[in-house]
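Text of upload_33.cif (mmCIF, C-alpha atoms and all ligand atoms) as supplied:
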```cif
data_final
#
loop_
_atom_site.label_atom_id
_atom_site.label_comp_id
_atom_site.auth_asym_id
_atom_site.auth_seq_id
_atom_site.Cartn_x
_atom_site.Cartn_y
_atom_site.Cartn_z
CA MET A 253 -32.72 71.55 -17.17
CA SER A 254 -30.88 74.84 -16.88
CA ASP A 255 -28.52 76.00 -19.60
CA LYS A 256 -25.60 75.78 -17.22
CA LYS A 257 -22.72 73.94 -18.83
CA ILE A 258 -22.25 70.36 -17.71
CA LEU A 259 -19.12 68.26 -17.52
CA ASP A 260 -19.97 64.71 -18.48
CA PRO A 261 -17.65 62.10 -16.94
CA TRP A 262 -18.93 59.50 -19.38
CA SER A 263 -18.15 61.32 -22.62
CA SER A 264 -14.82 61.14 -24.44
CA GLU A 265 -14.55 64.81 -25.30
CA ILE A 266 -11.77 67.01 -24.02
CA PRO A 267 -13.08 70.31 -22.70
CA SER A 268 -12.09 72.89 -25.32
CA ASP A 269 -11.42 75.51 -22.68
CA TYR A 270 -10.04 74.28 -19.37
CA LYS A 271 -10.03 77.81 -17.92
CA ALA A 272 -13.74 78.27 -18.61
CA VAL A 273 -14.53 74.94 -16.93
CA MET A 274 -12.48 75.92 -13.88
CA LYS A 275 -14.23 79.24 -13.61
CA GLU A 276 -17.68 77.76 -14.08
CA PHE A 277 -17.23 75.20 -11.32
CA GLY A 278 -14.93 77.06 -8.95
CA ILE A 279 -11.89 74.85 -9.48
CA GLY A 280 -8.64 76.49 -8.36
CA GLU A 281 -5.30 76.88 -10.06
CA ILE A 282 -2.10 75.35 -8.78
CA THR A 283 -0.78 78.50 -7.14
CA SER A 284 2.90 79.25 -6.68
CA ASP A 285 2.34 79.10 -2.93
CA LEU A 286 1.09 75.50 -3.17
CA LEU A 287 3.92 74.59 -5.52
CA SER A 288 6.58 76.05 -3.24
CA ARG A 289 5.33 73.95 -0.34
CA LEU A 290 5.48 70.65 -2.23
CA PRO A 291 8.61 68.79 -3.37
CA SER A 292 9.12 69.46 -7.06
CA HIS A 293 7.55 66.96 -9.42
CA ARG A 294 7.70 66.71 -13.19
CA LEU A 295 3.88 66.66 -13.53
CA PHE A 296 3.54 69.91 -11.58
CA ARG A 297 6.50 71.57 -13.29
CA ARG A 298 5.09 70.77 -16.70
CA ASN A 299 1.63 71.95 -15.77
CA ILE A 300 0.15 68.54 -16.55
CA ILE A 301 -1.45 68.74 -13.13
CA PHE A 302 -3.04 72.11 -13.69
CA ALA A 303 -5.89 72.55 -11.25
CA GLN A 304 -7.08 71.58 -7.79
CA ARG A 305 -9.72 71.79 -5.10
CA ASP A 306 -8.50 72.18 -1.52
CA LEU A 307 -5.02 70.89 -2.29
CA GLY A 308 -3.96 73.24 0.53
CA ARG A 309 -5.57 70.87 3.02
CA ILE A 310 -3.30 68.06 1.85
CA VAL A 311 -0.23 70.30 1.85
CA LYS A 312 -1.01 71.26 5.45
CA ALA A 313 -1.36 67.61 6.44
CA ILE A 314 2.01 66.85 4.85
CA GLU A 315 3.63 69.80 6.62
CA ALA A 316 2.12 68.81 9.97
CA LYS A 317 2.92 65.12 9.35
CA LYS A 318 -0.76 64.33 9.87
CA GLU A 319 -2.58 61.40 8.42
CA PHE A 320 -4.06 61.77 4.92
CA ALA A 321 -5.13 59.45 2.12
CA VAL A 322 -4.73 59.49 -1.63
CA LEU A 323 -7.25 57.67 -3.71
CA THR A 324 -8.22 57.04 -7.29
CA GLY A 325 -9.91 54.40 -9.40
CA ILE A 326 -10.16 52.87 -12.83
CA LYS A 327 -12.89 51.17 -14.82
CA PRO A 328 -11.77 47.67 -15.79
CA SER A 329 -13.37 47.95 -19.22
CA ASN A 330 -10.08 47.58 -21.07
CA PHE A 331 -6.32 47.34 -20.60
CA PHE A 332 -4.72 50.18 -18.68
CA HIS A 333 -4.09 52.95 -21.15
CA ILE A 334 -0.91 54.86 -21.18
CA GLY A 335 -2.53 58.24 -20.41
CA SER A 336 -3.80 56.92 -17.07
CA LYS A 337 -0.24 56.49 -15.84
CA VAL A 338 -0.26 60.17 -14.88
CA VAL A 339 -2.73 59.38 -12.12
CA VAL A 340 -0.65 56.48 -10.79
CA ASP A 341 2.47 58.70 -10.82
CA GLN A 342 0.60 61.13 -8.58
CA ILE A 343 -0.47 58.37 -6.22
CA ASN A 344 3.15 57.28 -5.91
CA TYR A 345 4.29 60.83 -5.29
CA PHE A 346 1.73 61.48 -2.54
CA GLN A 347 2.37 58.04 -1.06
CA SER A 348 6.04 58.98 -0.76
CA LEU A 349 4.90 62.10 1.14
CA GLY A 350 2.99 59.98 3.67
CA GLY A 351 -0.39 59.39 2.02
CA LYS A 352 -2.23 56.15 2.61
CA VAL A 353 -3.20 54.71 -0.77
CA PHE A 354 -6.64 53.52 -1.83
CA PHE A 355 -7.29 52.23 -5.32
CA CYS A 356 -10.67 51.21 -6.58
CA VAL A 357 -11.50 48.98 -9.52
CA ALA A 358 -14.79 50.39 -10.73
CA ASP A 359 -16.43 47.23 -11.98
CA ILE A 360 -19.96 48.39 -11.14
CA GLU A 361 -19.35 51.49 -13.20
CA ALA A 362 -18.10 49.28 -16.05
CA LEU A 363 -21.36 47.33 -15.78
CA HIS A 364 -23.59 50.37 -15.96
CA THR A 365 -21.68 52.53 -18.38
CA ASN A 366 -20.03 49.93 -20.63
CA GLY A 367 -22.50 47.07 -20.29
CA MET A 368 -19.74 44.75 -19.03
CA PRO A 369 -20.74 42.65 -15.99
CA PRO A 370 -18.20 41.91 -13.22
CA GLU A 371 -17.68 38.30 -14.47
CA GLU A 372 -16.59 39.71 -17.78
CA THR A 373 -14.26 42.34 -16.35
CA ALA A 374 -12.67 40.19 -13.62
CA GLY A 375 -9.70 39.23 -15.83
CA ILE A 376 -9.06 42.80 -16.98
CA ALA A 377 -9.34 43.93 -13.35
CA VAL A 378 -6.46 41.64 -12.37
CA ASP A 379 -4.43 42.87 -15.33
CA ASN A 380 -5.08 46.54 -14.41
CA VAL A 381 -4.08 45.97 -10.79
CA ALA A 382 -0.86 44.21 -11.86
CA ASP A 383 -0.16 47.34 -13.94
CA ILE A 384 -0.53 49.71 -11.01
CA PHE A 385 1.69 47.51 -8.83
CA ALA A 386 4.31 47.40 -11.57
CA LEU A 387 4.08 51.20 -11.79
CA GLY A 388 5.05 51.45 -8.13
CA ILE A 389 1.93 51.22 -5.96
CA ASP A 390 2.94 49.05 -3.03
CA PRO A 391 0.51 46.12 -2.57
CA LYS A 392 1.38 45.89 1.10
CA LYS A 393 0.74 49.51 1.88
CA SER A 394 -2.43 50.10 -0.13
CA VAL A 395 -6.11 49.19 -0.07
CA VAL A 396 -7.05 47.86 -3.50
CA TYR A 397 -10.56 46.55 -4.10
CA LYS A 398 -13.40 46.02 -6.54
CA GLN A 399 -16.59 48.01 -6.09
CA SER A 400 -18.76 44.91 -6.51
CA GLU A 401 -17.07 43.22 -3.57
CA ASN A 402 -16.51 46.01 -1.13
CA THR A 403 -19.57 45.84 1.11
CA ARG A 404 -18.53 48.98 2.97
CA VAL A 405 -18.47 51.01 -0.23
CA LEU A 406 -21.84 49.62 -1.29
CA GLN A 407 -23.29 50.43 2.14
CA LEU A 408 -21.93 53.94 1.93
CA ALA A 409 -23.43 54.42 -1.52
CA THR A 410 -26.81 53.29 -0.23
CA ALA A 411 -26.62 55.51 2.84
CA CYS A 412 -25.51 58.50 0.77
CA ALA A 413 -28.45 58.10 -1.59
CA LYS A 414 -30.61 59.58 1.15
CA ASN A 415 -31.19 63.26 0.44
CA VAL A 416 -29.84 63.01 -3.10
CA THR A 417 -32.66 64.04 -5.41
CA ASN A 418 -33.19 63.52 -9.08
CA ASN A 419 -32.84 67.23 -9.62
CA MET A 420 -29.45 67.31 -7.98
CA LEU A 421 -28.17 64.47 -10.13
CA ARG A 422 -29.56 66.02 -13.26
CA ALA A 423 -27.98 69.35 -12.43
CA VAL A 424 -24.58 67.79 -11.84
CA TYR A 425 -24.45 65.13 -14.56
CA GLY A 426 -27.19 65.89 -17.05
CA GLU A 427 -29.83 63.32 -17.95
CA HIS A 428 -28.59 59.72 -17.70
CA GLU A 429 -29.85 56.22 -17.03
CA ILE A 430 -30.25 55.33 -13.37
CA GLY A 431 -27.30 52.93 -13.66
CA HIS A 432 -25.01 55.90 -14.30
CA TYR A 433 -26.36 57.63 -11.22
CA ILE A 434 -25.87 54.44 -9.20
CA SER A 435 -22.22 54.35 -10.33
CA ALA A 436 -21.89 57.97 -9.29
CA LEU A 437 -23.15 57.18 -5.79
CA ILE A 438 -20.80 54.24 -5.55
CA GLN A 439 -17.96 56.52 -6.52
CA VAL A 440 -19.04 58.79 -3.66
CA GLY A 441 -18.69 55.67 -1.48
CA ASP A 442 -15.18 55.07 -2.88
CA ILE A 443 -14.10 58.61 -2.11
CA LEU A 444 -15.51 58.55 1.45
CA LEU A 445 -14.14 55.09 2.31
CA PRO A 446 -10.81 56.32 3.74
CA GLN A 447 -12.72 58.37 6.33
CA MET A 448 -14.58 55.38 7.78
CA PRO A 449 -13.75 54.26 11.33
CA GLU A 450 -12.03 51.06 10.18
CA HIS A 451 -9.62 53.24 8.19
CA GLY A 452 -8.95 55.62 11.05
CA GLY A 453 -11.90 58.02 10.74
CA PRO A 454 -12.14 61.51 9.21
CA LYS A 455 -9.03 62.68 7.40
CA PRO A 456 -8.02 64.74 4.38
CA VAL A 457 -8.30 62.69 1.18
CA LEU A 458 -6.76 63.65 -2.14
CA VAL A 459 -8.32 62.36 -5.35
CA PRO A 460 -6.13 62.80 -8.44
CA VAL A 461 -8.27 62.55 -11.58
CA GLY A 462 -8.94 63.95 -15.02
CA ILE A 463 -11.13 67.02 -14.92
CA ASP A 464 -14.05 65.07 -16.41
CA GLN A 465 -14.39 63.43 -12.98
CA ASP A 466 -15.07 66.73 -11.22
CA PRO A 467 -18.86 66.17 -11.10
CA HIS A 468 -18.22 63.17 -8.83
CA LEU A 469 -16.14 65.36 -6.56
CA ARG A 470 -18.77 68.05 -6.39
CA LEU A 471 -21.40 65.49 -5.45
CA THR A 472 -19.11 63.88 -2.86
CA ARG A 473 -18.20 67.21 -1.30
CA ASP A 474 -21.84 68.05 -0.97
CA ILE A 475 -22.59 64.74 0.72
CA ALA A 476 -19.45 64.83 2.91
CA GLU A 477 -20.56 68.16 4.30
CA LYS A 478 -23.96 66.74 5.26
CA HIS A 479 -22.32 63.77 7.00
CA LYS A 480 -19.78 65.88 8.89
CA LEU A 481 -16.86 64.38 7.03
CA ILE A 482 -13.90 66.28 5.62
CA LEU A 483 -14.49 67.50 2.08
CA PRO A 484 -12.24 65.57 -0.30
CA SER A 485 -9.49 67.46 -2.12
CA SER A 486 -8.66 66.83 -5.76
CA THR A 487 -6.04 67.50 -8.38
CA TYR A 488 -6.81 67.58 -12.09
CA ASN A 489 -4.48 66.47 -14.80
CA LYS A 490 -4.60 67.15 -18.50
CA PHE A 491 -5.53 64.28 -20.77
CA MET A 492 -3.13 62.62 -23.11
CA ARG A 493 -4.67 62.83 -26.55
CA SER A 494 -5.45 59.84 -28.72
CA LEU A 495 -2.83 58.93 -31.33
CA SER A 496 -4.90 60.69 -33.98
CA GLY A 497 -4.60 63.88 -31.95
CA SER A 498 -8.35 64.43 -32.03
CA ALA A 499 -9.79 63.69 -28.61
CA LYS A 500 -8.69 62.34 -25.29
CA MET A 501 -7.07 58.94 -25.40
CA SER A 502 -9.87 56.62 -24.50
CA LYS A 503 -11.06 53.10 -24.62
CA SER A 504 -13.80 54.12 -27.01
CA GLU A 505 -11.29 54.72 -29.83
CA PRO A 506 -9.19 51.54 -29.50
CA GLN A 507 -7.16 51.92 -32.70
CA ASN A 508 -5.86 55.27 -31.46
CA MET A 509 -5.22 54.21 -27.90
CA MET A 510 -2.06 52.76 -26.49
CA THR A 511 -2.11 50.50 -23.46
CA LEU A 512 0.49 49.20 -21.05
CA SER A 513 -0.35 45.73 -22.39
CA ASP A 514 0.36 46.54 -26.03
CA GLU A 515 2.98 44.35 -27.60
CA PRO A 516 6.02 46.72 -27.58
CA LYS A 517 6.79 46.42 -31.31
CA GLU A 518 3.13 46.98 -32.24
CA ALA A 519 3.05 49.99 -29.94
CA ALA A 520 6.11 51.38 -31.71
CA LYS A 521 4.36 50.95 -35.07
CA LYS A 522 1.29 52.74 -33.77
CA LEU A 523 3.47 55.58 -32.57
CA MET A 524 5.11 55.87 -36.00
CA ARG A 525 1.62 56.51 -37.42
CA ALA A 526 0.63 59.04 -34.76
CA PHE A 527 -0.36 62.60 -35.50
CA THR A 528 2.62 64.99 -35.39
CA GLY A 529 3.21 68.69 -35.62
CA GLY A 530 5.34 68.15 -38.71
CA ARG A 531 5.05 69.96 -42.06
CA ASN A 532 4.11 68.56 -45.44
CA SER A 533 7.66 68.07 -46.63
CA ILE A 534 11.14 67.90 -45.17
CA GLU A 535 12.06 71.13 -46.99
CA GLU A 536 9.12 72.93 -45.47
CA GLN A 537 9.94 71.54 -42.05
CA LYS A 538 13.52 72.75 -42.27
CA LYS A 539 12.34 76.16 -43.35
CA LEU A 540 9.36 76.70 -41.03
CA GLY A 541 10.15 74.31 -38.19
CA GLY A 542 7.69 71.88 -36.66
CA GLU A 543 4.90 72.50 -34.17
CA PRO A 544 5.68 70.43 -31.07
CA ALA A 545 2.80 71.90 -29.10
CA LYS A 546 0.43 70.16 -31.51
CA CYS A 547 2.39 66.94 -31.68
CA VAL A 548 1.23 63.68 -30.09
CA VAL A 549 4.74 62.24 -30.36
CA TYR A 550 6.09 65.16 -28.35
CA ASP A 551 3.35 64.49 -25.77
CA PHE A 552 4.83 61.04 -25.20
CA LEU A 553 8.07 62.68 -24.14
CA LEU A 554 6.29 65.31 -22.08
CA TYR A 555 4.01 62.93 -20.17
CA LEU A 556 6.00 59.77 -20.06
CA LEU A 557 9.36 59.25 -21.68
CA GLU A 558 11.62 62.22 -20.90
CA ASP A 559 12.30 62.96 -17.24
CA ASP A 560 14.91 65.61 -17.83
CA ASP A 561 13.34 69.05 -18.30
CA ALA A 562 16.38 70.46 -20.08
CA LYS A 563 16.39 67.65 -22.63
CA LEU A 564 12.67 68.05 -23.17
CA LYS A 565 13.11 71.76 -23.78
CA LYS A 566 15.88 71.06 -26.24
CA ARG A 567 13.63 68.73 -28.24
CA PHE A 568 10.93 71.39 -28.28
CA GLU A 569 13.33 74.02 -29.53
CA ASP A 570 15.05 71.76 -32.06
CA CYS A 571 11.66 70.88 -33.48
CA ARG A 572 10.56 74.51 -33.72
CA ALA A 573 13.83 75.49 -35.34
CA GLY A 574 13.47 72.76 -37.97
CA CYS A 575 16.70 71.10 -36.78
CA ILE A 576 15.08 67.73 -36.41
CA ILE A 577 12.75 65.89 -38.75
CA CYS A 578 9.74 63.84 -37.70
CA GLY A 579 11.03 60.51 -39.03
CA ASP A 580 14.11 60.61 -36.77
CA CYS A 581 12.26 62.07 -33.85
CA LYS A 582 9.54 59.40 -34.01
CA LYS A 583 12.11 56.63 -34.22
CA ASP A 584 13.81 57.92 -31.10
CA VAL A 585 10.52 58.16 -29.19
CA ALA A 586 9.41 54.73 -30.46
CA ASN A 587 12.67 53.20 -29.17
CA ARG A 588 12.14 54.71 -25.75
CA LEU A 589 8.57 53.46 -25.77
CA VAL A 590 9.65 49.91 -26.57
CA LYS A 591 12.15 50.01 -23.71
CA PHE A 592 9.57 51.35 -21.30
CA LEU A 593 6.92 48.79 -22.28
CA GLU A 594 9.39 45.88 -22.18
CA SER A 595 10.62 46.78 -18.74
CA HIS A 596 7.04 47.33 -17.55
CA ARG A 597 6.05 43.89 -18.86
CA LYS A 598 8.77 42.19 -16.92
CA LYS A 599 7.80 43.89 -13.67
CA LYS A 600 4.12 43.27 -14.29
CA LYS A 601 4.57 39.54 -14.77
CA LYS A 602 5.79 39.25 -11.20
CA TYR A 603 2.68 40.99 -9.93
CA MET A 604 -0.04 39.02 -11.73
CA ASP A 605 -0.49 36.52 -8.88
CA ILE A 606 -0.36 39.19 -6.21
CA ALA A 607 -2.95 41.20 -8.15
CA ALA A 608 -5.26 38.19 -8.40
CA LYS A 609 -4.89 37.45 -4.68
CA THR A 610 -5.48 41.08 -3.75
CA LEU A 611 -8.80 41.12 -5.59
CA GLU A 612 -9.78 37.67 -4.33
CA LYS A 613 -9.81 38.86 -0.76
CA GLY A 614 -13.47 39.58 -1.36
CA ALA A 615 -15.62 41.41 1.16
CA PHE A 616 -13.96 43.98 3.35
N1 LIG B 1 -14.99 56.98 -12.61
C1 LIG B 1 -13.62 56.68 -12.74
C2 LIG B 1 -13.34 56.39 -14.24
O1 LIG B 1 -14.20 56.43 -15.04
C3 LIG B 1 -13.19 55.50 -11.93
C4 LIG B 1 -13.37 55.67 -10.46
C5 LIG B 1 -14.16 54.92 -9.67
C6 LIG B 1 -12.74 56.61 -9.58
N2 LIG B 1 -14.08 55.30 -8.38
C7 LIG B 1 -13.22 56.31 -8.27
C8 LIG B 1 -11.83 57.65 -9.77
C9 LIG B 1 -12.83 57.08 -7.18
C10 LIG B 1 -11.45 58.42 -8.66
C11 LIG B 1 -11.95 58.11 -7.38
O2 LIG B 1 -12.24 56.10 -14.61
FE1 LIG B 2 6.67 66.12 -33.36
FE2 LIG B 2 9.19 65.39 -33.33
FE3 LIG B 2 7.99 66.02 -35.64
FE4 LIG B 2 8.56 67.91 -33.87
S1 LIG B 2 10.03 66.65 -34.97
S2 LIG B 2 6.63 67.66 -34.95
S3 LIG B 2 8.25 66.83 -31.93
S4 LIG B 2 7.50 64.30 -34.30
#
```
Would you put the structure from the file into structure tokens?
Ligand code: TRP
Ligand code: SF4
Amino acid sequence: MSDKKILDPWSSEIPSDYKAVMKEFGIGEITSDLLSRLPSHRLFRRNIIFAQRDLGRIVKAIEAKKEFAVLTGIKPSNFFHIGSKVVVDQINYFQSLGGKVFFCVADIEALHTNGMPPEETAGIAVDNVADIFALGIDPKKSVVYKQSENTRVLQLATACAKNVTNNMLRAVYGEHEIGHYISALIQVGDILLPQMPEHGGPKPVLVPVGIDQDPHLRLTRDIAEKHKLILPSSTYNKFMRSLSGSAKMSKSEPQNMMTLSDEPKEAAKKLMRAFTGGRNSIEEQKKLGGEPAKCVVYDFLLYLLEDDDAKLKKRFEDCRAGCIICGDCKKDVANRLVKFLESHRKKKKKYMDIAAKTLEKGAF
């Protein structure tokens, strides 16, 4: 194996240097030209979506009112964690700009990379899909499916395996069990699905993901080129950190993860224990100010709970000036979190049956 750096989609590390990763793999920035051609969105303004491949192709399709798709997926290995909402927000945004939505429940990937067979993840899959519907994805206007039951995706994965060598996979992903590579090929199938004839044929497809998923995009782009399909575009969002502030929020560190299914009061308690950018004492905090850029509680406002940029900025500045102390700040954020989770729960309840029926549809 070469000493070229590798991004591993199955690890829970956050890349320490996003810029270096972008340079290494030729991932582009979100340029001011792209930004000026898209309706303003909080996730772009706050630089949470910070990088892209061929986003220009999607912008052109929007401008020309041409068909395009927007697609992402989730592994049903656990409840939907709060950091993943960023991806659903993007799907909603691009849907509102005319994108046709595809959403994949990656139960084969959960089998191979988490050791959880589809029978075991079926219940979580329904729960996850109810979450995305409650977050705004329209069940009537989207294609939502499980990998294990979408024969077209499985066919595509099999067909795409032709010409993919061991060396290629090793170069892109590093050394892994074959099951991981199989999941990767199925994900290629997911990403190419919107370009199949039954979905209207070749078209631009945008895949919003965390940057750890870029290896899948590189592989898919390579294969798309060979099959005369349009290379998929992608946007990359930053990860919400775990409550301990150490790594990305992930299902592998459950005590420091928060999900959309958490009992609201428990979630509030977890938040009260989260890592902050506060000082050792109130006196010190008043004197030196806090460090919001390091603070997980501030991240909750940034990613999720404060829509108003001016109010967010004020919190940042009040914290830095030592005008606000962590106890009060956390209580405020915890209250907002409880409200958000309670309202989400109510909406989600209504979608549980629809989610179950959507996934029951079986083969496509
Ligand atoms: N691999 C993704 C994850 O681990 C899930 C996924 C499956 C996906 N298929 C996809 C993401 C297609 C984007 C596009 O969460
Ligand atoms: Fe974080 Fe709020 Fe404390 Fe500042 S005051 S460090 S934003 S919890």
Query - Environment of ligand LIG 1 (chain B) within 7 Å, counting all atoms listed in the file, reported as a PyMOL selection string - result: chain A and resi 261+323-327+356-358+439+442-443+459-461+465
Report task. Work out how far apart CA of Leu437 (chain A) and CA of Lys392 (chain A) are and give it in Å to one decimal. Result ->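 Between these atoms lies a distance of 27.9 Å.
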Report task. Enumerate residues in contact with ligand LIG 2 (chain B): an atom-to-atom distance of at most 10 Å, counting only C-alpha atoms and all ligand atoms. Format the result as number ranges by chain. Result -> A: 523-524, 526-531, 537, 541-553, 564, 567-585
Query raised in the report: Rounded to one decimal in Å, what is the spacing between CA of Ala413 (chain A) and CA of His468 (chain A)?
Result: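 Computing the Euclidean distance for CA of Ala413 (chain A) and CA of His468 (chain A) yields 13.5 Å.
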Report task. Please identify all polymer residues within 6 Å of region 375-388 of chain A, counting all atoms listed in the file, omitting same-chain residues fewer than 5 positions from it, and present them as a PyMOL selection string. Result -> chain A and resi 328+332+599-600+603-604+607-608
Report task. To one decimal in Å, tell me the separation between CA of Ile279 (chain A) and CA of Ile482 (chain A). Result ->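 That distance, rounded to one decimal, is 17.5 Å.
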Report task. Kindly indicate which residue among A:Lys613, A:Lys517, A:Lys352, A:Lys566 lies nearest to Lys591 (chain A), using all atoms listed in the file for the distances. Result ->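 Ranked by minimum distance to Lys591 (chain A), first place goes to A:Lys517.
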Query raised in the report: With all atoms listed in the file as the atoms that count, which of A:Ile334, A:Ile430, A:Leu458, A:Leu481 lies nearest to Gln304 (chain A)?
Result: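 Residue with the minimum atom-to-atom distance to Gln304 (chain A): A:Leu458.
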Query raised in the report: Of the residues A:Ala411, A:Leu593, A:Val457, A:Val273, which is the one nearest to Val311 (chain A), using only C-alpha atoms?
Result: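 Looking only at the distances to Val311 (chain A), the closest residue turns out to be A:Val457.
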Query - For Leu445 (chain A): contacts at 12 Å, all atoms listed in the file, fewer than 4 positions along chain excluded, given as a PyMOL selection string - result: chain A and resi 321-324+352-356+395-397+399+402-409+412+438-441+449-457+472+476+481-482+484+616
Keeping just all heavy atoms, export region 273-280 of chain A of this structure as a short mmCIF file (atom, residue, chain, number, x, y, z; two decimals), in the first residue's frame.
```
data_model
loop_
_atom_site.label_atom_id
_atom_site.label_comp_id
_atom_site.auth_asym_id
_atom_site.auth_seq_id
_atom_site.Cartn_x
_atom_site.Cartn_y
_atom_site.Cartn_z
N VAL A 273 -7.13 17.49 3.77
CA VAL A 273 -7.90 16.43 3.13
C VAL A 273 -8.44 16.91 1.78
O VAL A 273 -8.39 16.21 0.77
CB VAL A 273 -9.08 15.99 4.04
CG1 VAL A 273 -10.01 15.04 3.31
CG2 VAL A 273 -8.56 15.34 5.32
N MET A 274 -8.94 18.14 1.75
CA MET A 274 -9.49 18.69 0.51
C MET A 274 -8.43 18.76 -0.57
O MET A 274 -8.66 18.40 -1.72
CB MET A 274 -10.07 20.08 0.76
CG MET A 274 -11.38 20.04 1.55
SD MET A 274 -11.84 21.64 2.22
CE MET A 274 -12.17 22.56 0.73
N LYS A 275 -7.25 19.20 -0.16
CA LYS A 275 -6.16 19.35 -1.12
C LYS A 275 -5.73 17.97 -1.64
O LYS A 275 -5.59 17.76 -2.84
CB LYS A 275 -4.99 20.04 -0.41
CG LYS A 275 -3.99 20.56 -1.37
CD LYS A 275 -3.13 21.67 -0.75
CE LYS A 275 -1.94 21.92 -1.66
NZ LYS A 275 -0.66 21.59 -1.04
N GLU A 276 -5.59 17.06 -0.71
CA GLU A 276 -5.12 15.71 -1.07
C GLU A 276 -6.05 15.07 -2.12
O GLU A 276 -5.59 14.41 -3.04
CB GLU A 276 -5.08 14.87 0.21
CG GLU A 276 -4.85 13.39 -0.02
CD GLU A 276 -3.41 12.98 0.28
OE1 GLU A 276 -2.80 13.62 1.14
OE2 GLU A 276 -2.94 12.01 -0.35
N PHE A 277 -7.35 15.25 -1.93
CA PHE A 277 -8.29 14.52 -2.79
C PHE A 277 -8.98 15.40 -3.83
O PHE A 277 -9.91 14.96 -4.49
CB PHE A 277 -9.32 13.79 -1.92
CG PHE A 277 -8.68 12.75 -1.04
CD1 PHE A 277 -8.62 12.93 0.34
CD2 PHE A 277 -8.12 11.60 -1.58
CE1 PHE A 277 -8.02 11.99 1.16
CE2 PHE A 277 -7.51 10.66 -0.77
CZ PHE A 277 -7.45 10.85 0.60
N GLY A 278 -8.54 16.64 -3.95
CA GLY A 278 -9.11 17.51 -4.98
C GLY A 278 -10.56 17.90 -4.74
O GLY A 278 -11.35 18.00 -5.67
N ILE A 279 -10.90 18.09 -3.47
CA ILE A 279 -12.26 18.54 -3.12
C ILE A 279 -12.27 20.07 -3.14
O ILE A 279 -11.33 20.69 -2.63
CB ILE A 279 -12.66 18.01 -1.73
CG1 ILE A 279 -12.60 16.47 -1.72
CG2 ILE A 279 -14.03 18.52 -1.31
CD1 ILE A 279 -12.75 15.86 -0.34
N GLY A 280 -13.31 20.66 -3.72
CA GLY A 280 -13.32 22.12 -3.86
C GLY A 280 -13.93 22.85 -2.68
O GLY A 280 -14.64 22.26 -1.86
#
```
